[in-house]
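In what follows, a single structure is set out as structure tokens and then discussed.
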4 protein chains.
Amino acid sequence: MYDTEFQIRAAELIEAGRFIDSRGWVPATSGNFSARLNDGRIAITVSGRHKGRLRPEDIMLVDAEGHPLDGKKPSAETVLHTGIYRRYPNAGAVLHPHSPAATLLSRLVSRVVILEDYELLKALAGIETHEARVAVPIFPNDQDIPRLALGVEEYIEMHGDILAYIIAGHGFYTWGKSVSDALRHLEALEFLFDLETRIHGAKR
Amino acid sequence: MYDTEFQIRAAELIEAGRFIDSRGWVPATSGNFSARLNDGRIAITVSGRHKGRLRPEDIMLVDAEGHPLDGKKPSAETVLHTGIYRRYPNAGAVLHPHSPAATLLSRLVSRVVILEDYELLKALAGIETHEARVAVPIFPNDQDIPRLALGVEEYIEMHGDILAYIIAGHGFYTWGKSVSDALRHLEALEFLFDLETRIHGAKR
Amino acid sequence: MYDTEFQIRAAELIEAGRFIDSRGWVPATSGNFSARLNDGRIAITVSGRHKGRLRPEDIMLVDAEGHPLDGKKPSAETVLHTGIYRRYPNAGAVLHPHSPAATLLSRLVSRVVILEDYELLKALAGIETHEARVAVPIFPNDQDIPRLALGVEEYIEMHGDILAYIIAGHGFYTWGKSVSDALRHLEALEFLFDLETRIHGAKR
Amino acid sequence: MYDTEFQIRAAELIEAGRFIDSRGWVPATSGNFSARLNDGRIAITVSGRHKGRLRPEDIMLVDAEGHPLDGKKPSAETVLHTGIYRRYPNAGAVLHPHSPAATLLSRLVSRVVILEDYELLKALAGIETHEARVAVPIFPNDQDIPRLALGVEEYIEMHGDILAYIIAGHGFYTWGKSVSDALRHLEALEFLFDLETRIHGAKR
């Protein structure tokens, strides 16, 4: 079950976690990460582990609906991951940091964060110019995760594709073709969210 | 006297100190940490050491009343630790960082910090939803430590159980079943206190 | 082609990248770095690599006009580097961090940042006293890089020599006789830009 | 000339520099450090070196008046060090970080920073309670270092002993019986200065 492809993806998620934690973006046991294998199974972090100190046994396997394939307990938020993979067939990895900047922004801004006139937008897949305008929706937090996943789904149906979304008081989700693409998106978005909070404070 | 259980707990406290210091939460020789052994004795940091560079000899043993068992000099704040262990029979470790965010908050807010609508509240023991409301009392600083400990005791008698408390201009205390549980609480609270100070600044 | 001088400069750029990234100044794949060789060829970072994790093959060679000499693809911003080398015959290295402070400043200030009364100005080449007044122009971001390079050129013609410039929403460029001189300028400017943003927030 | 005592003190200054730089408190080639030997000679950092990457040859010897004893070039600010050693016979080390917080404070506050109601004041030599009130004077920056040293001297004559002083736009000086005592003062003061700037911003 834990074949070479799984082991490579798991190692990438562990390494990504170490980096994300070193920046302070997954405090305590917050956050969760996943990568999709070629056959559609998903490698995902086990519930309740510190994401900066993951060991191989802290990555488990679920199927495309989020059911555990190896008897371990996946994160309660697994269906947010599977929802993204279902919606975006090219997504190979999903990362959810418990971002301080996104959490703070969700207290200052309601509904949507607009990012524009930033060169760093070009770090996001499919964006070739800083003149782009990227909208990142903010959803209210909800302990009913399937309902939260449905809200994301409906938003995309109505407003079109997104590159990331924020859950209020909770952090954000972003994804990419590979773990390294998703991590580039995460790093760029955290940087831009942080700037937005500082502009908000300085311009007020 | 320094049996295996003591050595394991001491190693955990040393490692926790290294992490806490790497984030800047125990500047100079501030802060103190302890863990309770099965027989009720308490392993606690010696007075005046830098908490990011602890060596095994910097952890000493006191009894449940805080009296030294090995001739070393414990922190002046030892009775705050023993007070927590007496009040909370399940507490196995107490950590006191000299938190910049809690120190700052104690200048901006008086009496109590209310944390709500944060997903990270779920990192605190016994909290299952972000819809919880956690009150962290702020006590005035006092060089008379027994009197300060009594104030904590009286607060809990009157208002019910707490998960942590702040001492104004000084930092906070939190605890857990194990060193790792207490560290999870510390990391989550520091994150939330920091957000609160930034919200306070940005919303003003 | 990749002679010893190239290898030394490449190693310096890789090491500089590691330091710059450790401070959070080249998020995702942003930023680019170069060094001029004695014969006028330029060692420069390949397009799209993470600047904190550069490997020797991520540094390529271009001629003085920015044309690749080894079939690799240089950064789209290569002509900003070659423009600086043309203008400043003593420049031996050019560094472009995607600075959070410069990006933020470019939202708070328009056209030019004035740095004065800072001892750290003495870290900039040719400045012997804190009583100096250093003007750092801000140019609007532009995906037409040759046009942006021309704007820099015209500014210098009109206003005289500069030590660095900011591109709005994008970061800054600075340079020096060697990689280590350019890095000293970068570190000093990032420090001063950060202070300026904080003064702007605190004095408002 | 470079006896064992010198080598031990030099190693302590190098290690202190690495720590201070890791926190971002000596950007570029700013800052300078010294330690007094038993015979009154002073080990001090050579002019123009990066304080986070000091090598043994970057520490030199001067006499009590600041004259080089080994043909190397000491920092231009050497007489500020010798002035402190002359004034305080117990001082064994002087550290001068180019502190971002002190630099920022000197733009927000004029003449003197008052620190009170901070537990961390107890990390400063001779202070036993948070109820202390510590005044840290701010002097205008001056490229005439002997005149600056004289201003410090006159201030102490008029106002009594101090534990540290800030030079506007430049950083602060602090000292202690040993390198480790001076470093404890430095770490505590940087922490408190940073809090003061944040309180200033948040309360405004």
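Identifiers in the structure tokens: chain A, B, ... in order shown; residue index from 1 per chain; ligand index from 1 in order shown.
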Could you pull out the strand (DSSP E or B) residues of segment 4-164 of chain A, going by DSSP on the backbone, and write them as a ChimeraX atom specification?
/A:32-36,42-46,59-62,68,74,93-96,112-116,133-139,164
Same residues, N, CA, C and O atoms, saved as a tab-separated table (two decimals), in the first residue's frame:
chain	number	residue	atom	x	y	z
A	32	ASN	N	-3.15	21.24	7.85
A	32	ASN	CA	-3.05	19.89	7.30
A	32	ASN	C	-2.67	19.96	5.83
A	32	ASN	O	-2.89	20.95	5.16
A	33	PHE	N	-2.03	18.88	5.37
A	33	PHE	CA	-1.42	18.86	4.03
A	33	PHE	C	-1.78	17.54	3.33
A	33	PHE	O	-1.91	16.51	3.99
A	34	SER	N	-1.87	17.58	2.00
A	34	SER	CA	-2.09	16.33	1.27
A	34	SER	C	-1.48	16.38	-0.12
A	34	SER	O	-1.15	17.45	-0.63
A	35	ALA	N	-1.31	15.19	-0.71
A	35	ALA	CA	-0.85	15.07	-2.10
A	35	ALA	C	-1.62	13.93	-2.75
A	35	ALA	O	-1.90	12.91	-2.10
A	36	ARG	N	-2.01	14.10	-4.03
A	36	ARG	CA	-2.77	13.05	-4.72
A	36	ARG	C	-1.81	12.14	-5.50
A	36	ARG	O	-0.94	12.63	-6.22
A	42	ILE	N	-5.12	9.49	-1.94
A	42	ILE	CA	-4.58	10.75	-1.41
A	42	ILE	C	-3.75	10.49	-0.15
A	42	ILE	O	-4.24	9.85	0.80
A	43	ALA	N	-2.51	10.99	-0.16
A	43	ALA	CA	-1.66	10.95	1.05
A	43	ALA	C	-1.97	12.20	1.85
A	43	ALA	O	-1.90	13.32	1.30
A	44	ILE	N	-2.33	12.04	3.12
A	44	ILE	CA	-2.77	13.19	3.91
A	44	ILE	C	-2.28	13.07	5.35
A	44	ILE	O	-2.07	11.97	5.85
A	45	THR	N	-2.08	14.22	6.00
A	45	THR	CA	-1.59	14.20	7.38
A	45	THR	C	-2.64	13.62	8.33
A	45	THR	O	-3.82	13.92	8.23
A	46	VAL	N	-2.16	12.80	9.26
A	46	VAL	CA	-3.00	12.22	10.31
A	46	VAL	C	-3.46	13.34	11.25
A	46	VAL	O	-2.76	14.33	11.43
A	59	ILE	N	1.75	10.41	7.99
A	59	ILE	CA	1.07	10.60	6.69
A	59	ILE	C	0.32	9.30	6.41
A	59	ILE	O	0.88	8.21	6.53
A	60	MET	N	-0.97	9.42	6.06
A	60	MET	CA	-1.80	8.23	5.84
A	60	MET	C	-2.42	8.26	4.44
A	60	MET	O	-2.21	9.22	3.68
A	61	LEU	N	-3.18	7.24	4.11
A	61	LEU	CA	-3.83	7.16	2.80
A	61	LEU	C	-5.34	7.18	2.94
A	61	LEU	O	-5.91	6.45	3.76
A	62	VAL	N	-6.00	8.00	2.11
A	62	VAL	CA	-7.47	7.97	2.03
A	62	VAL	C	-7.86	7.82	0.56
A	62	VAL	O	-7.04	8.08	-0.34
A	68	PRO	N	-10.50	6.47	5.09
A	68	PRO	CA	-9.17	5.94	5.39
A	68	PRO	C	-8.96	4.57	4.74
A	68	PRO	O	-9.86	3.74	4.73
A	74	PRO	N	-7.79	10.33	9.70
A	74	PRO	CA	-7.38	11.54	8.97
A	74	PRO	C	-7.91	12.79	9.65
A	74	PRO	O	-8.79	12.72	10.50
A	93	ALA	N	-1.57	18.61	-5.08
A	93	ALA	CA	-1.28	18.81	-3.66
A	93	ALA	C	-2.13	19.95	-3.11
A	93	ALA	O	-2.43	20.91	-3.83
A	94	VAL	N	-2.54	19.81	-1.86
A	94	VAL	CA	-3.33	20.84	-1.17
A	94	VAL	C	-2.65	21.14	0.15
A	94	VAL	O	-2.31	20.22	0.90
A	95	LEU	N	-2.42	22.43	0.44
A	95	LEU	CA	-1.78	22.81	1.69
A	95	LEU	C	-2.67	23.79	2.45
A	95	LEU	O	-3.21	24.72	1.86
A	96	HIS	N	-2.82	23.55	3.73
A	96	HIS	CA	-3.64	24.42	4.58
A	96	HIS	C	-2.83	24.88	5.77
A	96	HIS	O	-2.70	24.16	6.76
A	112	VAL	N	-14.18	38.91	0.98
A	112	VAL	CA	-13.20	38.64	-0.07
A	112	VAL	C	-11.99	39.55	0.06
A	112	VAL	O	-12.12	40.73	0.40
A	113	VAL	N	-10.81	38.98	-0.15
A	113	VAL	CA	-9.58	39.77	-0.18
A	113	VAL	C	-9.19	39.95	-1.64
A	113	VAL	O	-9.11	38.98	-2.39
A	114	ILE	N	-8.99	41.20	-2.05
A	114	ILE	CA	-8.58	41.48	-3.42
A	114	ILE	C	-7.09	41.78	-3.44
A	114	ILE	O	-6.63	42.70	-2.75
A	115	LEU	N	-6.36	41.02	-4.23
A	115	LEU	CA	-4.92	41.26	-4.36
A	115	LEU	C	-4.67	41.83	-5.75
A	115	LEU	O	-4.99	41.19	-6.76
A	116	GLU	N	-4.06	43.02	-5.81
A	116	GLU	CA	-3.73	43.57	-7.12
A	116	GLU	C	-2.49	44.44	-7.06
A	116	GLU	O	-2.09	44.89	-6.00
A	133	ARG	N	-5.84	40.69	-11.14
A	133	ARG	CA	-6.61	40.99	-9.93
A	133	ARG	C	-7.07	39.63	-9.41
A	133	ARG	O	-7.82	38.93	-10.09
A	134	VAL	N	-6.59	39.25	-8.25
A	134	VAL	CA	-6.92	37.93	-7.70
A	134	VAL	C	-7.85	38.11	-6.51
A	134	VAL	O	-7.54	38.85	-5.57
A	135	ALA	N	-8.99	37.44	-6.58
A	135	ALA	CA	-9.95	37.50	-5.47
A	135	ALA	C	-9.85	36.22	-4.65
A	135	ALA	O	-9.96	35.12	-5.20
A	136	VAL	N	-9.62	36.37	-3.36
A	136	VAL	CA	-9.58	35.21	-2.46
A	136	VAL	C	-10.77	35.30	-1.53
A	136	VAL	O	-10.82	36.18	-0.66
A	137	PRO	N	-11.77	34.40	-1.70
A	137	PRO	CA	-12.96	34.49	-0.86
A	137	PRO	C	-12.69	34.08	0.58
A	137	PRO	O	-11.80	33.28	0.84
A	138	ILE	N	-13.45	34.67	1.49
A	138	ILE	CA	-13.37	34.30	2.91
A	138	ILE	C	-14.68	33.62	3.29
A	138	ILE	O	-15.76	34.20	3.12
A	139	PHE	N	-14.60	32.38	3.78
A	139	PHE	CA	-15.80	31.68	4.24
A	139	PHE	C	-15.86	31.70	5.76
A	139	PHE	O	-14.82	31.62	6.41
A	164	ALA	N	-7.30	29.97	-4.17
A	164	ALA	CA	-7.14	29.77	-2.74
A	164	ALA	C	-8.40	30.29	-2.07
A	164	ALA	O	-9.16	31.05	-2.67
Residues near His50 of chain A, cut-off 9 Å, only C-alpha atoms, skip fewer than 3 positions along chain, as a PyMOL selection string
(chain A and resi 17+21+26-31+53-54) or (chain B and resi 184)
Take the residues from that selection and put them in a file with N, CA, C and O atoms, as a PDB file, in the first residue's frame.
ATOM      1  N   GLY A  17       6.214  20.776   5.596  1.00  0.00           N
ATOM      2  CA  GLY A  17       5.767  21.094   6.947  1.00  0.00           C
ATOM      3  C   GLY A  17       6.867  21.737   7.778  1.00  0.00           C
ATOM      4  O   GLY A  17       6.630  22.679   8.535  1.00  0.00           O
ATOM      5  N   ASP A  21       6.389  25.442   9.227  1.00  0.00           N
ATOM      6  CA  ASP A  21       6.470  25.654  10.677  1.00  0.00           C
ATOM      7  C   ASP A  21       7.588  26.621  11.040  1.00  0.00           C
ATOM      8  O   ASP A  21       7.440  27.434  11.973  1.00  0.00           O
ATOM      9  N   VAL A  26       2.050  27.165  11.205  1.00  0.00           N
ATOM     10  CA  VAL A  26       1.229  26.033  11.658  1.00  0.00           C
ATOM     11  C   VAL A  26       1.425  25.815  13.165  1.00  0.00           C
ATOM     12  O   VAL A  26       1.903  24.776  13.592  1.00  0.00           O
ATOM     13  N   PRO A  27       1.014  26.810  13.992  1.00  0.00           N
ATOM     14  CA  PRO A  27       1.228  26.697  15.437  1.00  0.00           C
ATOM     15  C   PRO A  27       0.498  25.499  16.033  1.00  0.00           C
ATOM     16  O   PRO A  27      -0.548  25.096  15.519  1.00  0.00           O
ATOM     17  N   ALA A  28       1.047  24.970  17.129  1.00  0.00           N
ATOM     18  CA  ALA A  28       0.451  23.833  17.851  1.00  0.00           C
ATOM     19  C   ALA A  28       0.233  22.688  16.856  1.00  0.00           C
ATOM     20  O   ALA A  28       1.152  22.317  16.152  1.00  0.00           O
ATOM     21  N   THR A  29      -0.958  22.106  16.819  1.00  0.00           N
ATOM     22  CA  THR A  29      -1.171  20.989  15.883  1.00  0.00           C
ATOM     23  C   THR A  29      -2.058  21.420  14.723  1.00  0.00           C
ATOM     24  O   THR A  29      -2.724  20.601  14.094  1.00  0.00           O
ATOM     25  N   SER A  30      -2.071  22.710  14.420  1.00  0.00           N
ATOM     26  CA  SER A  30      -2.947  23.216  13.369  1.00  0.00           C
ATOM     27  C   SER A  30      -2.418  22.880  11.981  1.00  0.00           C
ATOM     28  O   SER A  30      -1.292  22.448  11.808  1.00  0.00           O
ATOM     29  N   GLY A  31      -3.283  23.123  10.973  1.00  0.00           N
ATOM     30  CA  GLY A  31      -2.900  22.914   9.584  1.00  0.00           C
ATOM     31  C   GLY A  31      -3.047  21.466   9.156  1.00  0.00           C
ATOM     32  O   GLY A  31      -3.126  20.562   9.988  1.00  0.00           O
ATOM     33  N   ARG A  53       6.932  18.779  12.742  1.00  0.00           N
ATOM     34  CA  ARG A  53       7.734  17.648  13.223  1.00  0.00           C
ATOM     35  C   ARG A  53       7.097  16.340  12.789  1.00  0.00           C
ATOM     36  O   ARG A  53       7.011  15.374  13.555  1.00  0.00           O
ATOM     37  N   LEU A  54       6.637  16.289  11.535  1.00  0.00           N
ATOM     38  CA  LEU A  54       5.973  15.096  11.003  1.00  0.00           C
ATOM     39  C   LEU A  54       6.976  13.970  10.798  1.00  0.00           C
ATOM     40  O   LEU A  54       8.097  14.190  10.359  1.00  0.00           O
TER      41      LEU A  54
ATOM     42  N   ARG B 184       1.810  22.772  23.560  1.00  0.00           N
ATOM     43  CA  ARG B 184       0.784  23.032  22.534  1.00  0.00           C
ATOM     44  C   ARG B 184      -0.095  24.210  22.983  1.00  0.00           C
ATOM     45  O   ARG B 184      -0.412  25.094  22.180  1.00  0.00           O
TER      46      ARG B 184
END
From a DSSP calculation on the backbone, collect every residue of segment 87-172 of chain D in helix (DSSP H, G or I) and output the set as a ChimeraX atom specification.
/D:87,100-108,119-123,145-159
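One finds atom CA of Leu104 of chain D at 10.7 Å from atom CA of His200 of chain D.
Minimum atom-to-atom distances from C:Leu13, C:Trp175, C:Gly201, C:Thr4 to chain B were compared using only C-alpha atoms, and the lowest value belongs to C:Gly201.
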Chain A contacts to chain C at 7 Å (only C-alpha atoms) as a PyMOL selection string:
chain A and resi 117-120+123+129+184+187-188+195+199+202
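Reported to one decimal place, the separation of atom CA of Asp161 of chain C from atom CA of Leu148 of chain C is 17.0 Å.
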Counting only C-alpha atoms, what is within 10 Å of Glu12 of chain B, bar same-chain residues fewer than 6 positions away, as JSON, numbers by chain?
{"B": [6, 18, 34, 35, 178, 179, 180]}
Need the shell around Ala76 of chain A: protein/DNA/RNA residues with any atom at most 8 Å away, counting only C-alpha atoms. Skip same-chain ones fewer than 2 positions apart. Format as a PDB file with N, CA, C and O atoms, in the first residue's frame?
ATOM      1  N   SER A  47      -4.618  13.185  11.815  1.00  0.00           N
ATOM      2  CA  SER A  47      -5.189  14.179  12.736  1.00  0.00           C
ATOM      3  C   SER A  47      -4.302  14.428  13.961  1.00  0.00           C
ATOM      4  O   SER A  47      -3.744  13.496  14.543  1.00  0.00           O
ATOM      5  N   PRO A  74      -7.792  10.329   9.699  1.00  0.00           N
ATOM      6  CA  PRO A  74      -7.379  11.538   8.971  1.00  0.00           C
ATOM      7  C   PRO A  74      -7.907  12.787   9.652  1.00  0.00           C
ATOM      8  O   PRO A  74      -8.795  12.716  10.496  1.00  0.00           O
ATOM      9  N   THR A  78     -10.505  16.577   6.092  1.00  0.00           N
ATOM     10  CA  THR A  78     -10.160  15.819   4.885  1.00  0.00           C
ATOM     11  C   THR A  78     -11.097  16.114   3.716  1.00  0.00           C
ATOM     12  O   THR A  78     -10.656  16.206   2.565  1.00  0.00           O
ATOM     13  N   VAL A  79     -12.385  16.294   3.978  1.00  0.00           N
ATOM     14  CA  VAL A  79     -13.312  16.525   2.855  1.00  0.00           C
ATOM     15  C   VAL A  79     -13.085  17.879   2.178  1.00  0.00           C
ATOM     16  O   VAL A  79     -13.515  18.072   1.036  1.00  0.00           O
ATOM     17  N   ILE A 145     -17.876  20.317   8.527  1.00  0.00           N
ATOM     18  CA  ILE A 145     -16.941  20.443   7.413  1.00  0.00           C
ATOM     19  C   ILE A 145     -17.600  20.144   6.051  1.00  0.00           C
ATOM     20  O   ILE A 145     -17.349  20.863   5.078  1.00  0.00           O
TER      21      ILE A 145
END
